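Next comes work.txt, a file with compact mmCIF, C-alpha atoms.
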# COMPACT_ATOMS: atom_id res chain seq x y z
CA MET A 1 -40.97 -34.83 50.97
CA ALA A 2 -37.41 -33.87 51.81
CA GLN A 3 -36.00 -30.62 50.47
CA ILE A 4 -33.83 -31.13 47.38
CA PHE A 5 -31.35 -28.46 48.45
CA PRO A 6 -30.05 -28.30 51.98
CA LYS A 7 -30.19 -24.97 53.75
CA LYS A 8 -26.48 -24.46 53.00
CA ALA A 9 -27.38 -24.11 49.32
CA ASN A 10 -28.61 -20.59 50.09
CA ASP A 11 -25.01 -19.56 50.76
CA LEU A 12 -23.91 -21.18 47.54
CA VAL A 13 -26.42 -19.09 45.59
CA LYS A 14 -25.12 -15.93 47.25
CA VAL A 15 -21.53 -16.84 46.44
CA LEU A 16 -22.49 -17.65 42.85
CA ALA A 17 -24.41 -14.37 42.49
CA ALA A 18 -21.39 -12.46 43.79
CA ALA A 19 -19.12 -14.36 41.42
CA VAL A 20 -21.35 -13.51 38.45
CA VAL A 21 -21.43 -9.82 39.37
CA LEU A 22 -17.68 -9.62 40.03
CA GLY A 23 -16.92 -11.66 36.93
CA ALA A 24 -19.05 -9.38 34.79
CA CYS A 25 -17.36 -6.30 36.27
CA GLY A 26 -13.98 -7.86 35.62
CA LEU A 27 -14.97 -8.72 32.06
CA GLY A 28 -16.24 -5.18 31.56
CA THR A 29 -12.98 -3.74 32.87
CA MET A 30 -10.99 -5.99 30.60
CA ALA A 31 -13.12 -5.13 27.58
CA THR A 32 -12.74 -1.40 28.32
CA GLY A 33 -9.01 -1.81 28.78
CA LEU A 34 -8.81 -3.64 25.47
CA TRP A 35 -10.93 -0.99 23.71
CA LEU A 36 -8.60 1.75 24.94
CA SER A 37 -5.42 -0.19 24.31
CA PRO A 38 -3.14 0.19 21.28
CA PHE A 39 -4.26 -3.32 20.28
CA ILE A 40 -7.57 -1.78 19.18
CA THR A 41 -6.69 1.93 18.67
CA GLN A 42 -3.43 1.07 16.87
CA GLN A 43 -1.90 4.15 18.50
CA ASP A 44 1.91 3.83 18.57
CA VAL A 45 1.76 0.60 16.53
CA ALA A 46 3.92 0.76 13.42
CA LYS A 47 2.73 -1.09 10.35
CA GLN A 48 4.97 -3.16 8.18
CA GLN A 49 5.10 -1.16 4.95
CA VAL A 50 6.38 -2.12 1.53
CA VAL A 51 9.38 0.17 2.20
CA PRO A 52 10.39 0.94 5.81
CA PHE A 53 10.17 4.70 5.24
CA SER A 54 11.61 6.77 8.09
CA HIS A 55 10.17 10.20 8.86
CA LEU A 56 12.89 10.49 11.50
CA HIS A 57 15.55 10.40 8.79
CA HIS A 58 13.79 12.55 6.20
CA VAL A 59 12.21 15.17 8.47
CA LYS A 60 14.51 15.49 11.46
CA GLY A 61 17.68 14.27 9.80
CA LEU A 62 17.41 16.10 6.48
CA GLY A 63 15.03 18.91 7.40
CA ILE A 64 12.53 18.24 4.61
CA ASP A 65 9.23 20.08 5.11
CA CYS A 66 6.03 18.00 5.47
CA ARG A 67 4.64 19.67 2.37
CA TYR A 68 7.48 18.53 0.13
CA CYS A 69 5.67 15.18 -0.03
CA HIS A 70 2.21 15.91 1.38
CA THR A 71 1.60 18.58 -1.21
CA THR A 72 -2.17 19.01 -0.93
CA VAL A 73 -2.46 19.31 2.83
CA GLU A 74 -3.19 23.06 2.65
CA THR A 75 -5.70 22.92 -0.18
CA SER A 76 -7.53 19.60 0.03
CA SER A 77 -9.27 17.28 2.44
CA PHE A 78 -6.57 14.73 1.65
CA ALA A 79 -2.99 15.57 2.64
CA GLY A 80 -1.64 13.50 -0.22
CA ILE A 81 0.59 10.45 -0.28
CA PRO A 82 3.54 11.20 -2.56
CA PRO A 83 3.74 9.41 -5.88
CA THR A 84 6.84 7.31 -6.52
CA GLU A 85 8.13 10.18 -8.65
CA THR A 86 8.59 12.24 -5.47
CA CYS A 87 10.78 9.53 -3.91
CA MET A 88 12.76 9.28 -7.12
CA SER A 89 13.38 13.06 -7.20
CA CYS A 90 16.25 12.27 -4.86
CA HIS A 91 16.60 8.51 -5.07
CA SER A 92 17.26 8.52 -8.80
CA GLN A 93 20.59 9.97 -7.69
CA ILE A 94 21.29 8.85 -4.14
CA TRP A 95 21.07 5.37 -2.60
CA THR A 96 20.43 4.13 -6.13
CA ASN A 97 21.59 0.62 -5.29
CA ALA A 98 20.02 0.30 -1.86
CA LYS A 99 18.14 -2.96 -1.61
CA MET A 100 15.62 -1.33 0.71
CA LEU A 101 14.57 0.95 -2.16
CA GLU A 102 14.12 -1.82 -4.75
CA PRO A 103 10.29 -1.63 -4.52
CA VAL A 104 10.51 2.13 -5.20
CA ARG A 105 12.59 1.64 -8.32
CA ALA A 106 10.36 -1.22 -9.48
CA SER A 107 7.30 0.96 -8.98
CA PHE A 108 8.88 3.78 -10.96
CA LYS A 109 9.84 1.44 -13.78
CA THR A 110 6.51 -0.35 -14.03
CA GLN A 111 4.37 2.72 -13.20
CA LYS A 112 2.62 0.57 -10.62
CA PRO A 113 2.08 2.57 -7.41
CA LEU A 114 3.61 1.50 -4.13
CA GLU A 115 0.95 0.06 -1.87
CA TRP A 116 1.33 1.99 1.37
CA LEU A 117 -0.88 0.87 4.22
CA ARG A 118 -2.96 3.61 5.78
CA VAL A 119 -1.74 4.47 9.26
CA ASN A 120 -4.16 7.28 10.11
CA ASP A 121 -7.72 6.44 9.20
CA VAL A 122 -11.12 7.55 10.41
CA PRO A 123 -14.42 5.75 9.78
CA ASP A 124 -16.08 6.54 6.45
CA PHE A 125 -18.85 8.46 8.21
CA VAL A 126 -16.31 11.05 9.35
CA TYR A 127 -15.68 13.77 6.78
CA PHE A 128 -12.28 14.94 7.91
CA ASN A 129 -10.64 17.78 5.99
CA HIS A 130 -6.93 18.56 6.37
CA SER A 131 -6.98 21.98 4.73
CA ILE A 132 -9.42 23.60 7.16
CA HIS A 133 -7.47 22.34 10.17
CA VAL A 134 -4.09 23.44 8.82
CA ASN A 135 -5.41 26.84 7.72
CA LYS A 136 -7.04 27.52 11.09
CA GLY A 137 -3.87 26.78 13.04
CA VAL A 138 -3.93 23.12 14.02
CA GLY A 139 -0.35 21.88 13.89
CA CYS A 140 0.60 18.58 12.27
CA VAL A 141 2.00 17.41 15.60
CA THR A 142 -1.29 18.06 17.40
CA CYS A 143 -2.97 15.12 15.66
CA HIS A 144 -0.08 13.09 14.29
CA GLY A 145 2.37 13.30 17.20
CA GLN A 146 6.13 13.78 16.78
CA VAL A 147 6.23 12.31 13.29
CA ASP A 148 9.75 13.72 12.94
CA GLU A 149 10.85 11.20 15.54
CA MET A 150 9.13 8.17 14.03
CA ALA A 151 11.62 5.76 12.49
CA LEU A 152 8.57 3.78 11.38
CA THR A 153 5.31 5.64 10.98
CA HIS A 154 2.55 5.05 13.46
CA LYS A 155 -0.58 6.77 14.69
CA GLY A 156 0.30 9.47 17.21
CA GLN A 157 -3.19 9.72 18.70
CA THR A 158 -6.24 7.48 18.92
CA LEU A 159 -8.25 9.61 16.43
CA ARG A 160 -11.36 8.63 18.42
CA MET A 161 -14.31 11.00 18.57
CA GLY A 162 -13.81 11.78 22.26
CA TRP A 163 -10.27 12.81 21.42
CA CYS A 164 -11.41 15.05 18.54
CA LEU A 165 -13.94 16.72 20.80
CA GLN A 166 -11.31 17.90 23.29
CA CYS A 167 -10.22 20.40 20.68
CA HIS A 168 -13.61 21.00 19.05
CA ARG A 169 -14.90 22.06 22.48
CA ALA A 170 -11.91 24.21 23.42
CA PRO A 171 -9.81 25.00 20.33
CA GLU A 172 -8.03 27.85 22.14
CA GLN A 173 -6.08 25.22 24.08
CA PHE A 174 -4.57 23.77 20.90
CA LEU A 175 -4.37 26.37 18.12
CA ARG A 176 -1.01 27.82 17.13
CA PRO A 177 0.03 30.79 14.99
CA PRO A 178 -0.25 30.11 11.23
CA SER A 179 3.53 30.32 10.86
CA GLU A 180 4.05 27.45 13.32
CA VAL A 181 1.62 24.87 11.90
CA PHE A 182 4.37 22.85 10.21
CA ASN A 183 6.93 23.45 12.95
CA MET A 184 7.55 20.12 14.63
CA GLN A 185 9.27 21.71 17.65
CA TRP A 186 6.75 24.40 18.58
CA GLN A 187 5.71 24.54 22.23
CA PRO A 188 2.62 26.37 23.47
CA PRO A 189 3.41 29.59 25.35
CA ALA A 190 2.61 29.90 29.04
CA ASP A 191 -0.42 32.05 28.21
CA GLN A 192 -1.75 29.66 25.55
CA SER A 193 -5.37 30.10 26.69
CA ALA A 194 -5.21 33.86 26.09
CA LYS A 195 -3.16 33.59 22.88
CA GLY A 196 -5.43 30.77 21.73
CA LEU A 197 -8.55 32.93 22.15
CA GLU A 198 -6.88 35.56 19.98
CA LEU A 199 -6.15 32.94 17.32
CA VAL A 200 -9.74 31.70 17.52
CA LYS A 201 -10.91 35.25 16.91
CA ASN A 202 -8.40 36.16 14.19
CA ASN A 203 -8.95 32.90 12.31
CA HIS A 204 -12.74 33.23 12.55
CA VAL A 205 -13.12 29.84 14.23
CA LYS A 206 -16.81 29.43 14.98
CA VAL A 207 -16.47 27.55 18.23
CA GLU A 208 -20.23 27.39 18.77
CA GLN A 209 -20.54 25.33 15.58
CA LEU A 210 -17.63 23.00 16.19
CA THR A 211 -19.67 20.50 18.16
CA ASN A 212 -22.55 20.31 15.69
CA CYS A 213 -22.89 16.72 14.48
CA SER A 214 -22.92 17.81 10.85
CA VAL A 215 -19.54 19.53 11.13
CA CYS A 216 -17.96 16.08 10.86
CA HIS A 217 -20.82 13.70 10.00
CA ARG A 218 -22.88 14.17 6.86
CA MET B 1 -39.41 -22.23 48.61
CA THR B 2 -39.84 -19.09 50.64
CA THR B 3 -40.77 -15.72 49.15
CA GLN B 4 -37.26 -14.53 49.93
CA GLN B 5 -35.70 -17.35 47.92
CA HIS B 6 -38.02 -16.54 45.05
CA SER B 7 -37.00 -12.90 44.92
CA ILE B 8 -33.29 -13.76 45.13
CA ALA B 9 -33.67 -16.25 42.27
CA ARG B 10 -35.50 -13.62 40.22
CA ALA B 11 -32.80 -11.04 40.93
CA VAL B 12 -30.07 -13.48 39.96
CA ASN B 13 -31.96 -14.28 36.77
CA ARG B 14 -32.29 -10.61 35.90
CA VAL B 15 -28.62 -9.91 36.55
CA ALA B 16 -27.60 -12.94 34.51
CA ALA B 17 -29.89 -11.90 31.65
CA PHE B 18 -28.49 -8.37 31.72
CA PHE B 19 -24.89 -9.49 31.51
CA THR B 20 -25.63 -12.10 28.86
CA LEU B 21 -27.25 -9.38 26.76
CA ALA B 22 -24.31 -7.03 27.39
CA LEU B 23 -21.86 -9.76 26.43
CA VAL B 24 -23.80 -10.53 23.24
CA LEU B 25 -23.85 -6.82 22.36
CA VAL B 26 -20.12 -6.49 22.94
CA LEU B 27 -19.30 -9.61 20.94
CA THR B 28 -21.53 -8.68 18.01
CA SER B 29 -20.69 -4.97 17.94
CA GLY B 30 -18.02 -5.75 15.36
CA CYS B 31 -20.47 -7.35 12.97
CA HIS B 32 -21.82 -4.19 11.38
CA GLN B 33 -18.99 -2.35 9.68
CA ASP B 34 -20.92 -1.14 6.67
CA MET B 35 -20.98 2.46 7.89
CA TRP B 36 -17.32 2.41 8.89
CA ASN B 37 -16.35 0.98 5.53
CA GLN B 38 -18.81 2.41 3.06
CA ALA B 39 -19.08 1.47 -0.59
CA LYS B 40 -17.11 4.52 -1.69
CA TYR B 41 -13.54 5.33 -2.57
CA LYS B 42 -11.31 7.63 -0.60
CA PRO B 43 -8.42 9.28 -2.49
CA LEU B 44 -5.74 6.86 -3.70
CA ALA B 45 -7.66 3.85 -2.39
CA LYS B 46 -7.29 0.42 -3.91
CA SER B 47 -9.98 -0.58 -6.38
CA THR B 48 -11.19 -3.99 -7.42
CA PHE B 49 -13.27 -2.45 -10.21
CA PHE B 50 -10.60 -0.91 -12.42
CA ALA B 51 -8.10 -3.24 -14.06
CA ASP B 52 -5.07 -1.29 -12.82
CA GLY B 53 -6.38 -1.35 -9.25
CA LEU B 54 -6.42 2.44 -8.89
CA ALA B 55 -9.50 4.17 -7.49
CA SER B 56 -8.06 7.61 -8.31
CA ARG B 57 -8.22 7.66 -12.08
CA PRO B 58 -5.38 9.12 -14.13
CA GLN B 59 -6.39 12.08 -16.28
CA VAL B 60 -7.34 11.43 -19.86
CA PRO B 61 -4.51 12.82 -22.04
CA GLY B 62 -5.14 16.39 -23.14
CA VAL B 63 -7.76 17.07 -20.49
CA VAL B 64 -8.13 20.73 -19.46
CA PRO B 65 -9.41 21.46 -15.94
CA ALA B 66 -12.57 23.56 -15.82
CA GLY B 67 -11.80 27.26 -15.71
CA TYR B 68 -8.30 26.97 -17.12
CA GLY B 69 -8.72 27.40 -20.86
CA ALA B 70 -5.73 28.07 -23.07
CA ARG B 71 -2.54 26.87 -21.46
CA ASP B 72 -0.06 28.22 -23.97
CA THR B 73 0.20 31.63 -22.33
CA LEU B 74 3.12 33.18 -20.46
CA LEU B 75 1.49 32.16 -17.17
CA TYR B 76 1.65 28.45 -18.00
CA THR B 77 4.80 28.24 -20.12
CA GLY B 78 7.09 31.05 -19.05
CA LYS B 79 7.42 31.83 -22.74
CA VAL B 80 6.20 34.44 -25.20
CA ASP B 81 6.20 33.41 -28.85
CA GLY B 82 8.26 30.37 -27.99
CA GLN B 83 11.00 32.43 -26.33
CA LEU B 84 11.64 32.42 -22.57
CA ALA B 85 10.15 35.62 -21.24
CA ASN B 86 11.89 38.10 -19.01
CA SER B 87 8.67 39.38 -17.50
CA PHE B 88 6.05 38.14 -15.10
CA PRO B 89 2.54 37.29 -16.32
CA GLU B 90 0.09 40.19 -16.17
CA GLU B 91 -2.13 38.36 -13.70
CA LEU B 92 0.75 38.11 -11.20
CA PRO B 93 2.14 41.51 -10.28
CA VAL B 94 5.35 41.17 -8.27
CA THR B 95 4.39 42.32 -4.82
CA ARG B 96 5.92 41.83 -1.41
CA GLU B 97 3.23 39.16 -0.77
CA LEU B 98 4.21 37.23 -3.90
CA ILE B 99 7.88 37.29 -2.93
CA LEU B 100 7.14 36.17 0.63
CA ARG B 101 4.94 33.37 -0.73
CA GLY B 102 7.83 32.47 -3.01
CA GLN B 103 10.22 32.38 -0.08
CA GLN B 104 7.93 30.03 1.83
CA ARG B 105 7.48 27.71 -1.18
CA PHE B 106 11.20 27.89 -2.03
CA GLU B 107 12.04 26.74 1.47
CA ILE B 108 9.68 23.78 1.16
CA TYR B 109 10.49 22.51 -2.32
CA CYS B 110 13.88 23.93 -3.33
CA THR B 111 16.12 24.27 -0.25
CA PRO B 112 16.71 20.50 0.10
CA CYS B 113 19.08 20.79 -2.89
CA HIS B 114 19.56 24.49 -3.66
CA GLY B 115 20.04 25.56 -0.03
CA ARG B 116 18.33 28.48 1.65
CA LEU B 117 20.72 30.88 -0.02
CA GLY B 118 20.39 29.33 -3.46
CA ASP B 119 24.08 28.49 -3.55
CA GLY B 120 23.40 24.85 -4.40
CA ASN B 121 24.63 23.47 -1.10
CA GLY B 122 21.42 22.00 0.30
CA MET B 123 21.22 19.02 2.62
CA ILE B 124 20.50 16.50 -0.16
CA VAL B 125 23.56 17.75 -2.04
CA GLN B 126 25.59 17.23 1.12
CA ARG B 127 24.27 13.66 1.05
CA GLY B 128 25.49 12.99 -2.46
CA PHE B 129 23.05 14.53 -4.93
CA LYS B 130 24.66 16.23 -7.93
CA ARG B 131 25.29 19.83 -6.93
CA PRO B 132 23.05 22.26 -8.82
CA PRO B 133 24.60 25.50 -10.07
CA SER B 134 24.52 28.43 -7.67
CA TYR B 135 22.03 31.17 -8.58
CA HIS B 136 24.77 33.68 -7.89
CA THR B 137 26.61 33.39 -11.17
CA ASP B 138 26.69 35.79 -14.11
CA ARG B 139 25.00 33.19 -16.30
CA LEU B 140 21.99 32.72 -14.01
CA ARG B 141 21.75 36.41 -13.19
CA ALA B 142 21.45 37.03 -16.91
CA VAL B 143 18.83 34.38 -17.80
CA PRO B 144 15.25 35.59 -18.29
CA VAL B 145 12.94 34.93 -15.34
CA GLY B 146 10.91 32.57 -17.54
CA TYR B 147 13.93 30.26 -17.45
CA PHE B 148 13.40 29.50 -13.75
CA PHE B 149 9.71 28.91 -14.35
CA ASP B 150 10.55 26.60 -17.24
CA VAL B 151 13.04 24.57 -15.19
CA MET B 152 10.55 24.16 -12.34
CA THR B 153 7.86 23.13 -14.81
CA ASN B 154 9.82 20.75 -17.00
CA GLY B 155 12.79 19.79 -14.88
CA PHE B 156 16.42 20.16 -15.90
CA GLY B 157 19.26 17.66 -15.83
CA THR B 158 18.89 15.56 -12.69
CA MET B 159 16.14 17.83 -11.36
CA TYR B 160 12.67 16.39 -11.86
CA SER B 161 9.68 18.45 -12.90
CA TYR B 162 7.91 20.09 -9.97
CA ALA B 163 4.78 20.82 -11.99
CA SER B 164 2.72 18.21 -10.16
CA ARG B 165 3.88 19.42 -6.75
CA VAL B 166 4.01 23.20 -7.08
CA PRO B 167 1.00 24.97 -8.65
CA VAL B 168 1.61 27.45 -11.49
CA LYS B 169 1.29 30.64 -9.45
CA ASP B 170 3.57 29.31 -6.75
CA ARG B 171 6.20 28.55 -9.39
CA TRP B 172 6.14 32.20 -10.44
CA ALA B 173 6.32 33.24 -6.78
CA ILE B 174 9.41 31.06 -6.39
CA ALA B 175 10.91 32.59 -9.54
CA ALA B 176 10.35 36.03 -7.99
CA TYR B 177 12.05 34.89 -4.81
CA ILE B 178 15.02 33.46 -6.74
CA ARG B 179 15.46 36.91 -8.30
CA THR B 180 15.29 38.36 -4.77
CA LEU B 181 17.93 35.92 -3.55
CA GLN B 182 20.17 36.85 -6.45
CA TYR B 183 19.73 40.52 -5.67
CA SER B 184 20.41 39.90 -1.98
CA GLN B 185 23.88 38.62 -2.89
CA PHE B 186 24.64 41.14 -5.63
CA ALA B 187 23.11 44.45 -4.60
CA PRO B 188 25.23 47.53 -5.36
CA GLU B 189 26.34 49.42 -2.29
CA THR B 190 24.30 52.42 -3.35
CA ASP B 191 21.12 50.35 -2.99
CA MET B 192 21.84 49.34 0.56
CA ALA B 193 20.43 50.77 3.76
CA PRO B 194 22.94 51.91 6.44
CA GLN B 195 22.15 48.89 8.66
CA ASP B 196 22.88 46.56 5.72
CA LEU B 197 26.18 48.32 5.07
CA ALA B 198 27.11 47.95 8.73
CA LEU B 199 26.51 44.20 8.44
CA LEU B 200 28.97 44.00 5.56
CA ASP B 201 31.85 44.90 7.85
CA GLN B 202 31.06 42.13 10.30
CA PRO B 203 32.71 38.76 9.81
CA VAL B 204 30.24 36.12 8.61
CA GLN B 205 29.64 33.66 11.40
CA GLY B 206 28.45 30.43 9.88
CA LEU B 207 24.76 30.04 10.45
CA ALA B 208 24.37 33.70 11.42
CA LEU B 209 23.28 34.15 7.81
CA LEU B 210 20.16 32.16 8.57
CA ASP B 211 19.37 34.31 11.58
CA LYS B 212 15.89 35.78 11.54
CA SER B 213 17.08 39.37 11.99
CA GLU B 214 19.21 39.03 8.92
CA ALA B 215 16.49 37.29 6.94
CA LYS B 216 14.41 40.38 7.62
CA THR B 217 17.13 42.55 6.19
CA THR B 218 17.06 40.42 3.05
CA GLU B 219 13.32 40.91 2.83
CA GLY B 220 13.91 44.58 3.40
CA SER B 221 16.23 44.90 0.45
CA ALA B 222 13.73 42.92 -1.62
CA HIS B 223 11.21 45.53 -0.67
CA HIS B 224 13.45 48.30 -1.97
CA GLU B 225 13.37 46.59 -5.33

Would you encode the structure as C-alpha cells?
Amino acid sequence: MAQIFPKKANDLVKVLAAAVVLGACGLGTMATGLWLSPFITQQDVAKQQVVPFSHLHHVKGLGIDCRYCHTTVETSSFAGIPPTETCMSCHSQIWTNAKMLEPVRASFKTQKPLEWLRVNDVPDFVYFNHSIHVNKGVGCVTCHGQVDEMALTHKGQTLRMGWCLQCHRAPEQFLRPPSEVFNMQWQPPADQSAKGLELVKNNHVKVEQLTNCSVCHR
Amino acid sequence: MTTQQHSIARAVNRVAAFFTLALVLVLTSGCHQDMWNQAKYKPLAKSTFFADGLASRPQVPGVVPAGYGARDTLLYTGKVDGQLANSFPEELPVTRELILRGQQRFEIYCTPCHGRLGDGNGMIVQRGFKRPPSYHTDRLRAVPVGYFFDVMTNGFGTMYSYASRVPVKDRWAIAAYIRTLQYSQFAPETDMAPQDLALLDQPVQGLALLDKSEAKTTEGSAHHE
C-alpha cells in the first residue's frame, strides 16, 4: 500500500510545529503586554465622572491641602470622598451659575450624593489602610502620582501587588519625613537610603513583618 | 510510520495540549471574580439593598457615639451656661503642641479663605468668595475664644459648619492658633524679643512674611505667651 503522506510531509510537520510554538510565544507576549498595559491596569486612564473635577485647578492652582476634602486620611482606612457639602462650602458663593457644577447643586438640593466612580481600587481581599501609610511617612504622591497635575483624575500607579511589594520590601527607599507626606513637590534627598533607614527606625516600621501575607490579606 | 515520526507526533501533541490548556486558563481566568468583588460594602459604596442606595448609613438622629456621653459641655459647645466661654476646656490645656496642631489644621481648613495670616485674604477670596473679617480687629480681639469654636462648629454667614470635617479637639487647637495669630500682629513692644524688634525696622517684602524663619519667630512669640 502506498504511503498516504509523501516524505515531504515531514517538513510540513516541522514547519507547523515551529508555527505553533512561535504563535504561542507571540500570543503569550501579547497577553503579557495587554496585562501590563493601561487597558487592563487603568493606570493613567481618566474616567468620565459626573463632574469633571480638576485636582490641577484645586490643588496646584488654589493651593488647597489634600485633607481639606479627604478628611479621614490620617485616621481611617478610607481617605474619604468629600460630601457635596464640602464642594458647596465654596461653590455656594463662587461659580454659582456654572453649568459644569449643575450636578453638584442638584445633589445638594436633593440630598442625593454625587456618584463618583472609583479611580483607585484594590481587590476586596486586600485590606488597605490609608492612615497607617500616611502616619508612617508614605507620601500621597508615592502611590497616587502627581495628583496636583491631574486635570482629570486617574490612577498614578498600577496598584498591583508586585508594585506594593517594592516598598514593603525596602520602605527606606520611599519613606519621607512626616512633615512632607502631603507635600506634592517633595523630592528624595541624595542620601535617601540613609535618611530612609532613620525614618524606618524612628517610625517603628517593622520591615520584617511587611511581607507577611496577613499584613494585607486577612 | 517510523519510531522517529511517532515521537515527533507525540511531542507536537504534548506541546499543543499544553498551549491549549494555557489558553483556556488565560481566557477563563476572568470568570472567578467573587474574591475580588466580595459580598461586602466598602465605605460610601452603592447599595442595592437600601432604598436610598447608600451603603454607608446616615446616623439615626440623636445618636451618641460610644465613649462620648454628655455633649453639652464647654468642650463640645464652646459655651458655659449658654454663654460663649472665654476659656479653654479643662481637658485641653493650651500647650505649644496644641498651638502647633492648630496651626497645621488652620492651614488645611481655614487658609483657603482666611489666609495664612488670618487677614481674610485667602486664595478663594481672591477668586470671588465674600471676604471674611480679618482677625486683627478690635471686635475679634475682644470676642471670647468660645466664639471661634462656635463659628467653626455651626458656621457663620457664608461660612459653612466645619464640624463634620474638623474634630472637636482640632477646632479648639485652631481657636488657640487664631489667638496666637492675633497676638502675633498685636504684641506690645515690651513682649518682643530683640530679634523680633529688629525685624520691625525692616521693610515688609511681600511673601517674606511667609518665610519659614519668620514663621518660627511667630511660633516663638506664641511660646512666650

Centre, edges in Å (one decimal): axis-aligned box, stretch 197-216 of chain A, 6 Å padding on all six sides, as lines of an AutoDock Vina configuration file:
center_x = -14.5
center_y = 26.1
center_z = 16.5
size_x = 28.8
size_y = 32.1
size_z = 23.3

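Separating atom CA of B:Gly120 from atom CA of A:Asp148 is a distance of 24.7 Å.
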
query: Hey, can you check how far atom CA of B:Leu181 sits from atom CA of A:Cys90?
result: 23.7 Å

task: Excluding A:Trp163 and any residue of its chain fewer than 5 positions from it, enumerate the residues within 12 Å of it, using all atoms listed in the file, and give them as a list in words.
output: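 Counting all atoms listed in the file, the residues come to Leu36, Thr41, Thr142, Cys143, Gly156, Gln157, Thr158, His168, Arg169 and Ala170 of chain A.
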
field: Counting only C-alpha atoms, the residue of B:Asp72, B:Asp52, B:Asp196, B:Asp150 that sits nearest chain A
entry: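 Smallest separation from chain A among the options: B:Asp52.
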